[in-house]
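Asker: This one is query_3.cif, mmCIF, C-alpha atoms.
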data_upload
loop_
_atom_site.group_PDB
_atom_site.id
_atom_site.type_symbol
_atom_site.label_atom_id
_atom_site.label_comp_id
_atom_site.auth_asym_id
_atom_site.auth_seq_id
_atom_site.Cartn_x
_atom_site.Cartn_y
_atom_site.Cartn_z
ATOM 1 C CA MET K 470 1.250 19.852 -42.935
ATOM 2 C CA GLU K 471 0.271 22.179 -40.113
ATOM 3 C CA ASP K 472 -1.426 20.588 -37.144
ATOM 4 C CA GLU K 473 -4.518 22.650 -36.349
ATOM 5 C CA LEU K 474 -4.799 21.260 -32.843
ATOM 6 C CA GLN K 475 -1.189 22.031 -32.052
ATOM 7 C CA ILE K 476 -1.626 25.593 -33.333
ATOM 8 C CA ALA K 477 -4.855 26.143 -31.383
ATOM 9 C CA MET K 478 -3.127 24.944 -28.229
ATOM 10 C CA ALA K 479 -0.130 27.193 -28.883
ATOM 11 C CA ASP K 480 -2.484 30.138 -29.464
ATOM 12 C CA LEU K 481 -4.248 29.395 -26.155
ATOM 13 C CA ASP K 482 -7.559 29.154 -28.014
ATOM 14 C CA GLU K 483 -9.459 27.001 -25.533
ATOM 15 C CA GLU K 484 -12.728 26.808 -27.440
ATOM 16 C CA LYS K 485 -11.074 25.769 -30.706
ATOM 17 C CA THR K 486 -8.753 23.318 -28.951
ATOM 18 C CA LEU K 487 -11.635 21.466 -27.294
ATOM 19 C CA MET K 488 -13.653 21.519 -30.508
ATOM 20 C CA LEU K 489 -10.761 19.973 -32.452
ATOM 21 C CA VAL K 490 -10.255 17.349 -29.739
ATOM 22 C CA GLU K 491 -13.908 16.302 -30.085
ATOM 23 C CA GLU K 492 -13.571 16.207 -33.879
ATOM 24 C CA ARG K 493 -10.473 14.009 -33.698
ATOM 25 C CA ILE K 494 -12.136 11.616 -31.283
ATOM 26 C CA GLN K 495 -14.991 11.201 -33.763
ATOM 27 C CA ALA K 496 -12.500 10.795 -36.613
ATOM 28 C CA GLY K 497 -10.851 7.861 -34.851
ATOM 29 C CA TYR K 498 -7.639 9.436 -33.563
ATOM 30 C CA THR K 499 -6.206 7.707 -30.498
ATOM 31 C CA SER K 500 -6.014 9.537 -27.181
ATOM 32 C CA MET K 501 -2.214 9.404 -27.358
ATOM 33 C CA GLU K 502 -2.174 11.038 -30.806
ATOM 34 C CA ILE K 503 -4.399 13.839 -29.529
ATOM 35 C CA ILE K 504 -2.336 14.314 -26.372
ATOM 36 C CA GLU K 505 0.877 14.482 -28.401
ATOM 37 C CA SER K 506 -0.505 17.294 -30.593
ATOM 38 C CA CYS K 507 -1.504 19.224 -27.481
ATOM 39 C CA ARG K 508 1.860 18.573 -25.834
ATOM 40 C CA LEU K 509 3.680 19.993 -28.843
ATOM 41 C CA GLY K 510 1.434 23.045 -28.663
ATOM 42 C CA VAL K 511 2.316 23.508 -25.004
ATOM 43 C CA GLU K 512 6.010 23.303 -25.923
ATOM 44 C CA ILE K 513 5.468 26.268 -28.249
ATOM 45 C CA VAL K 514 3.823 28.150 -25.374
ATOM 46 C CA GLY K 515 6.940 27.463 -23.305
ATOM 47 C CA GLU K 516 9.182 28.714 -26.091
ATOM 48 C CA LYS K 517 7.117 31.901 -26.432
ATOM 49 C CA TYR K 518 7.369 32.396 -22.676
ATOM 50 C CA SER K 519 11.163 31.978 -22.851
ATOM 51 C CA ASP K 520 11.248 34.569 -25.642
ATOM 52 C CA SER K 521 9.116 36.956 -23.537
ATOM 53 C CA HIS K 522 6.207 36.781 -26.000
ATOM 54 C CA TYR K 523 4.028 35.056 -23.390
ATOM 55 C CA TYR K 524 3.676 35.699 -19.673
ATOM 56 C CA LEU K 525 3.428 33.407 -16.649
ATOM 57 C CA SER K 526 -0.356 33.715 -16.817
ATOM 58 C CA ASP K 527 -0.202 32.270 -20.348
ATOM 59 C CA LEU K 528 1.742 29.251 -19.096
ATOM 60 C CA ILE K 529 -0.899 28.690 -16.440
ATOM 61 C CA MET K 530 -3.613 29.077 -19.070
ATOM 62 C CA SER K 531 -2.006 26.396 -21.246
ATOM 63 C CA GLU K 532 -2.052 23.974 -18.330
ATOM 64 C CA GLU K 533 -5.727 24.703 -17.636
ATOM 65 C CA ILE K 534 -6.617 24.087 -21.294
ATOM 66 C CA LEU K 535 -4.678 20.829 -21.215
ATOM 67 C CA LYS K 536 -6.542 19.725 -18.092
ATOM 68 C CA GLY K 537 -9.766 20.335 -19.994
ATOM 69 C CA VAL K 538 -8.472 18.201 -22.864
ATOM 70 C CA MET K 539 -7.641 15.371 -20.464
ATOM 71 C CA ARG K 540 -11.143 15.499 -18.977
ATOM 72 C CA VAL K 541 -12.615 15.106 -22.464
ATOM 73 C CA LEU K 542 -10.261 12.232 -23.277
ATOM 74 C CA GLU K 543 -10.663 10.361 -19.986
ATOM 75 C CA PRO K 544 -13.474 8.029 -21.197
ATOM 76 C CA TYR K 545 -11.393 7.085 -24.232
ATOM 77 C CA ILE K 546 -8.208 6.095 -22.389
ATOM 78 C CA PRO K 547 -8.206 2.294 -21.985
ATOM 79 C CA VAL K 548 -7.641 0.943 -18.489
ATOM 80 C CA ASN K 549 -5.537 -2.180 -18.055
ATOM 81 C CA SER K 550 -6.514 -3.618 -14.700
ATOM 82 C CA SER K 551 -3.757 -6.243 -14.895
ATOM 83 C CA GLU K 552 -1.234 -3.539 -14.018
ATOM 84 C CA LYS K 553 -2.879 -2.626 -10.715
ATOM 85 C CA GLY K 554 -0.720 -2.991 -7.653
ATOM 86 C CA GLN K 555 2.420 -1.632 -9.312
ATOM 87 C CA THR K 556 3.544 1.417 -7.376
ATOM 88 C CA ILE K 557 5.365 4.371 -8.901
ATOM 89 C CA VAL K 558 6.803 7.430 -7.165
ATOM 90 C CA MET K 559 7.078 10.548 -9.319
ATOM 91 C CA GLY K 560 8.179 14.125 -8.856
ATOM 92 C CA THR K 561 10.025 17.069 -10.398
ATOM 93 C CA ILE K 562 13.597 17.349 -9.149
ATOM 94 C CA GLU K 563 14.821 19.983 -6.685
ATOM 95 C CA GLY K 564 15.229 23.447 -8.208
ATOM 96 C CA ASP K 565 12.673 22.831 -10.963
ATOM 97 C CA ILE K 566 8.998 23.783 -10.706
ATOM 98 C CA HIS K 567 7.819 22.589 -14.137
ATOM 99 C CA ASP K 568 5.178 19.899 -13.874
ATOM 100 C CA LEU K 569 3.094 19.933 -17.052
ATOM 101 C CA GLY K 570 4.722 16.886 -18.636
ATOM 102 C CA LYS K 571 4.804 15.097 -15.286
ATOM 103 C CA ASN K 572 1.106 15.697 -14.732
ATOM 104 C CA ILE K 573 0.208 14.319 -18.161
ATOM 105 C CA ILE K 574 2.157 11.099 -17.671
ATOM 106 C CA ILE K 575 0.783 10.640 -14.136
ATOM 107 C CA TYR K 576 -2.748 10.973 -15.477
ATOM 108 C CA LEU K 577 -2.067 8.378 -18.166
ATOM 109 C CA LEU K 578 -0.326 6.003 -15.761
ATOM 110 C CA ARG K 579 -3.204 6.137 -13.311
ATOM 111 C CA SER K 580 -5.624 5.545 -16.159
ATOM 112 C CA SER K 581 -3.555 2.480 -17.072
ATOM 113 C CA GLY K 582 -3.949 1.053 -13.588
ATOM 114 C CA PHE K 583 -0.707 2.141 -11.949
ATOM 115 C CA GLN K 584 -0.647 3.386 -8.363
ATOM 116 C CA VAL K 585 1.209 6.714 -8.616
ATOM 117 C CA HIS K 586 2.436 8.785 -5.665
ATOM 118 C CA ASP K 587 2.982 12.360 -6.900
ATOM 119 C CA LEU K 588 5.547 14.255 -4.808
ATOM 120 C CA GLY K 589 4.964 17.492 -6.727
ATOM 121 C CA VAL K 590 7.720 19.896 -7.795
ATOM 122 C CA ASP K 591 11.058 21.057 -6.360
ATOM 123 C CA VAL K 592 11.483 17.679 -4.638
ATOM 124 C CA LYS K 593 14.684 17.191 -2.658
ATOM 125 C CA PRO K 594 16.673 13.971 -3.268
ATOM 126 C CA GLU K 595 16.031 12.843 0.298
ATOM 127 C CA GLN K 596 12.271 13.120 -0.239
ATOM 128 C CA PHE K 597 12.451 10.739 -3.192
ATOM 129 C CA ILE K 598 14.323 8.188 -1.076
ATOM 130 C CA GLN K 599 11.852 8.480 1.785
ATOM 131 C CA ALA K 600 8.898 8.016 -0.562
ATOM 132 C CA VAL K 601 10.406 4.954 -2.261
ATOM 133 C CA SER K 602 11.150 3.430 1.138
ATOM 134 C CA GLU K 603 7.686 4.106 2.539
ATOM 135 C CA THR K 604 5.678 3.024 -0.529
ATOM 136 C CA LYS K 605 7.902 0.090 -1.571
ATOM 137 C CA ALA K 606 7.704 1.520 -5.095
ATOM 138 C CA THR K 607 9.297 -0.513 -7.884
ATOM 139 C CA ILE K 608 9.612 2.477 -10.229
ATOM 140 C CA LEU K 609 10.858 6.021 -9.563
ATOM 141 C CA GLY K 610 10.061 8.667 -12.167
ATOM 142 C CA ILE K 611 11.966 11.954 -12.027
ATOM 143 C CA SER K 612 11.007 14.914 -14.203
ATOM 144 C CA VAL K 613 13.393 17.727 -15.141
ATOM 145 C CA LEU K 614 13.188 20.636 -17.563
ATOM 146 C CA ILE K 615 16.028 22.856 -16.363
ATOM 147 C CA SER K 616 19.455 21.540 -17.392
ATOM 148 C CA PHE K 617 21.362 22.676 -14.312
ATOM 149 C CA CYS K 618 19.072 20.559 -12.099
ATOM 150 C CA VAL K 619 20.320 17.315 -13.663
ATOM 151 C CA GLY K 620 23.039 16.963 -11.018
ATOM 152 C CA SER K 621 20.388 16.544 -8.335
ATOM 153 C CA ILE K 622 19.065 13.463 -10.145
ATOM 154 C CA LYS K 623 22.489 11.851 -9.743
ATOM 155 C CA ASN K 624 22.215 12.651 -6.030
ATOM 156 C CA VAL K 625 18.925 10.732 -5.897
ATOM 157 C CA VAL K 626 20.473 7.654 -7.506
ATOM 158 C CA ASP K 627 23.511 7.840 -5.210
ATOM 159 C CA LEU K 628 21.221 8.047 -2.168
ATOM 160 C CA LEU K 629 19.269 5.018 -3.389
ATOM 161 C CA VAL K 630 22.558 3.109 -3.398
ATOM 162 C CA ASP K 631 23.435 4.327 0.101
ATOM 163 C CA ALA K 632 19.989 3.307 1.384
ATOM 164 C CA GLY K 633 20.277 -0.178 -0.110
ATOM 165 C CA LEU K 634 17.303 0.471 -2.411
ATOM 166 C CA ARG K 635 18.984 0.768 -5.811
ATOM 167 C CA ASP K 636 18.431 -2.826 -6.885
ATOM 168 C CA LYS K 637 14.773 -2.678 -5.847
ATOM 169 C CA VAL K 638 13.662 0.243 -8.034
ATOM 170 C CA LYS K 639 13.931 1.213 -11.700
ATOM 171 C CA VAL K 640 14.735 4.912 -12.214
ATOM 172 C CA VAL K 641 13.108 6.673 -15.182
ATOM 173 C CA ILE K 642 14.054 10.267 -15.990
ATOM 174 C CA GLY K 643 12.098 12.474 -18.347
ATOM 175 C CA GLY K 644 12.134 15.984 -19.744
ATOM 176 C CA TYR K 645 13.558 18.223 -22.415
ATOM 177 C CA PRO K 646 17.281 18.057 -21.444
ATOM 178 C CA VAL K 647 17.568 14.310 -20.891
ATOM 179 C CA ASN K 648 19.392 12.031 -23.331
ATOM 180 C CA ARG K 649 21.628 8.952 -23.251
ATOM 181 C CA GLN K 650 24.538 10.947 -21.825
ATOM 182 C CA VAL K 651 22.371 12.327 -19.018
ATOM 183 C CA LYS K 652 21.099 8.812 -18.274
ATOM 184 C CA GLU K 653 24.659 7.521 -17.993
ATOM 185 C CA PHE K 654 25.775 10.491 -15.879
ATOM 186 C CA THR K 655 22.912 10.203 -13.404
ATOM 187 C CA GLY K 656 22.885 6.415 -13.231
ATOM 188 C CA ALA K 657 19.217 6.190 -14.254
ATOM 189 C CA ASP K 658 17.890 3.065 -15.954
ATOM 190 C CA PHE K 659 15.727 4.705 -18.645
ATOM 191 C CA TYR K 660 15.041 8.117 -20.144
ATOM 192 C CA ALA K 661 12.265 9.634 -22.253
ATOM 193 C CA ASN K 662 11.706 12.966 -23.979
ATOM 194 C CA ASP K 663 7.987 12.642 -24.609
ATOM 195 C CA VAL K 664 4.873 11.201 -22.990
ATOM 196 C CA THR K 665 4.376 8.398 -25.511
ATOM 197 C CA GLU K 666 7.903 7.063 -25.044
ATOM 198 C CA ALA K 667 7.649 7.394 -21.249
ATOM 199 C CA LEU K 668 4.436 5.377 -21.092
ATOM 200 C CA LYS K 669 6.015 2.693 -23.294
ATOM 201 C CA ILE K 670 8.996 2.488 -20.935
ATOM 202 C CA TYR K 671 6.841 2.047 -17.833
ATOM 203 C CA ARG K 672 4.958 -0.790 -19.491
ATOM 204 C CA GLU K 673 8.200 -2.414 -20.633
ATOM 205 C CA ILE K 674 9.489 -2.331 -17.057
ATOM 206 C CA LEU K 675 6.451 -4.318 -15.983
ATOM 207 C CA ASN K 676 7.250 -6.947 -18.582
ATOM 208 C CA ILE K 677 10.860 -7.065 -17.397
ATOM 209 C CA GLU K 678 9.691 -7.652 -13.857
#
Let me see the structure of the file written as structure tokens.
Answerer:
Amino acid sequence: MEDELQIAMADLDEEKTLMLVEERIQAGYTSMEIIESCRLGVEIVGEKYSDSHYYLSDLIMSEEILKGVMRVLEPYIPVNSSEKGQTIVMGTIEGDIHDLGKNIIIYLLRSSGFQVHDLGVDVKPEQFIQAVSETKATILGISVLISFCVGSIKNVVDLLVDAGLRDKVKVVIGGYPVNRQVKEFTGADFYANDVTEALKIYREILNIE
């Protein structure tokens, strides 16, 4: 069955997207279910951009629509105050400027009570190490969308070892190209391909600790 919300998002129909979000809230959909439909729509926008059917301005438009969706959903995202005090450093790896997925998960993590330090995009391995050292973060989240940037994630993990920080921080990688093989290659602890799985992983890490 076609997902109307996903299609509206993919078509960059802001008015219809927000209307459908409101309808789904009233119908009892969870915020995560709504976000996932929108995320899949944004993936289609990215595919259309790759196929030259959409332009850079369309990518930017999709992010603006998604920000609007998150503003609508904010009151419906439960906050777990018991998780406050846990510090996470996040950023998109060097050579990659994609941040849509990263921004969604950061928003959800902060809403869940995590303290998140966002380093932005195109972050050099050394910057990740400096941030972990300065913030005493227990979790490091690294986002990647471009496959050839995966090698830089391994550099981050290697630098954590050199700095004596590896056993003090869990490394979570996320993005389209990541899988079990990429996790093993980079030395990361966890990987996720979607926002729902990523959020589950962060919460599981808290239970581990």
Asker: Between CA of Val613 (chain K) and CA of Tyr645 (chain K), what is the spacing in Å?
Answerer: 7.3 Å
Asker: Could you expand the PyMOL selection byres ((chain K and resi 636) around 12) into the explicit residues it covers here, written as a PyMOL selection string?
Answerer: chain K and resi 606-609+626-627+629-635+637-640+657-658
Asker: Build an axis-aligned box that encloses every atom of region 604-620 of chain K listed in the file, pad it by 6 Å on each side, and report its centre and edge lengths in Å to one decimal, as JSON.
Answerer:
{"center_x": 14.4, "center_y": 11.2, "center_z": -9.0, "size_x": 29.4, "size_y": 35.4, "size_z": 29.0}
Asker: Under the rule that all atoms listed in the file are counted, which of K:Leu614, K:Ala667, K:Leu577, K:Ile529 is the nearest residue to Glu563 (chain K)?
Answerer: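 Among the listed residues, K:Leu614 lies closest to Glu563 (chain K).
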Asker: Quick check on the file I pasted: which residues fall under the PyMOL selection byres ((chain K and resi 509-522) around 7)? Write them as number ranges by chain.
Answerer: K: 475-476, 478-479, 505-508, 523-524, 528, 531
Asker: Quick one: which residues end up in the PyMOL selection byres ((chain K and resi 650-652) around 12) for this structure, as a ChimeraX atom specification?
Answerer: /K:611,613,616-623,626,640-649,653-662
Asker: Between K:Met488, K:Ile546, K:Met559, K:Ile566, which one has atoms that come closest to Met501 (chain K), using all atoms listed in the file?
Answerer: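 Of the candidates, the smallest distance to Met501 (chain K) is held by K:Ile546.
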Asker: One decimal, in Å: what's the spacing between CA of Ser500 (chain K) and CA of Arg540 (chain K)?
Answerer: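 These atoms are spaced 11.4 Å apart.
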Asker: Set the distance at 9 Å and use all atoms listed in the file: which residues neighbour Leu588 (chain K) once local chain neighbours fewer than 4 positions away are removed? I'd like the list as a PyMOL selection string.
Answerer: chain K and resi 558-561+592+596-597+600
Asker: Rounded to one decimal in Å, what is the spacing between CA of Gly582 (chain K) and CA of Ile670 (chain K)?
Answerer: 15.0 Å
Asker: K:Gly589, K:His567, K:Gly537, K:Ser602: which is nearest Glu484 (chain K), counting all atoms listed in the file?
Answerer: K:Gly537
Asker: Have a look at K:Leu542, K:Leu489, K:Val664, K:Val625 and name the one nearest to Leu569 (chain K); count only C-alpha atoms.
Answerer: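 Selected residue with least distance to Leu569 (chain K): K:Val664.
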Asker: Go through K:Leu675, K:Leu474, K:Leu525, K:Ile534 one by one, measure the shortest atom-to-atom distance of each to Glu492 (chain K) using only C-alpha atoms, and give the residue with the smallest value.
Answerer: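 Distance minimum relative to Glu492 (chain K) lands on K:Leu474.
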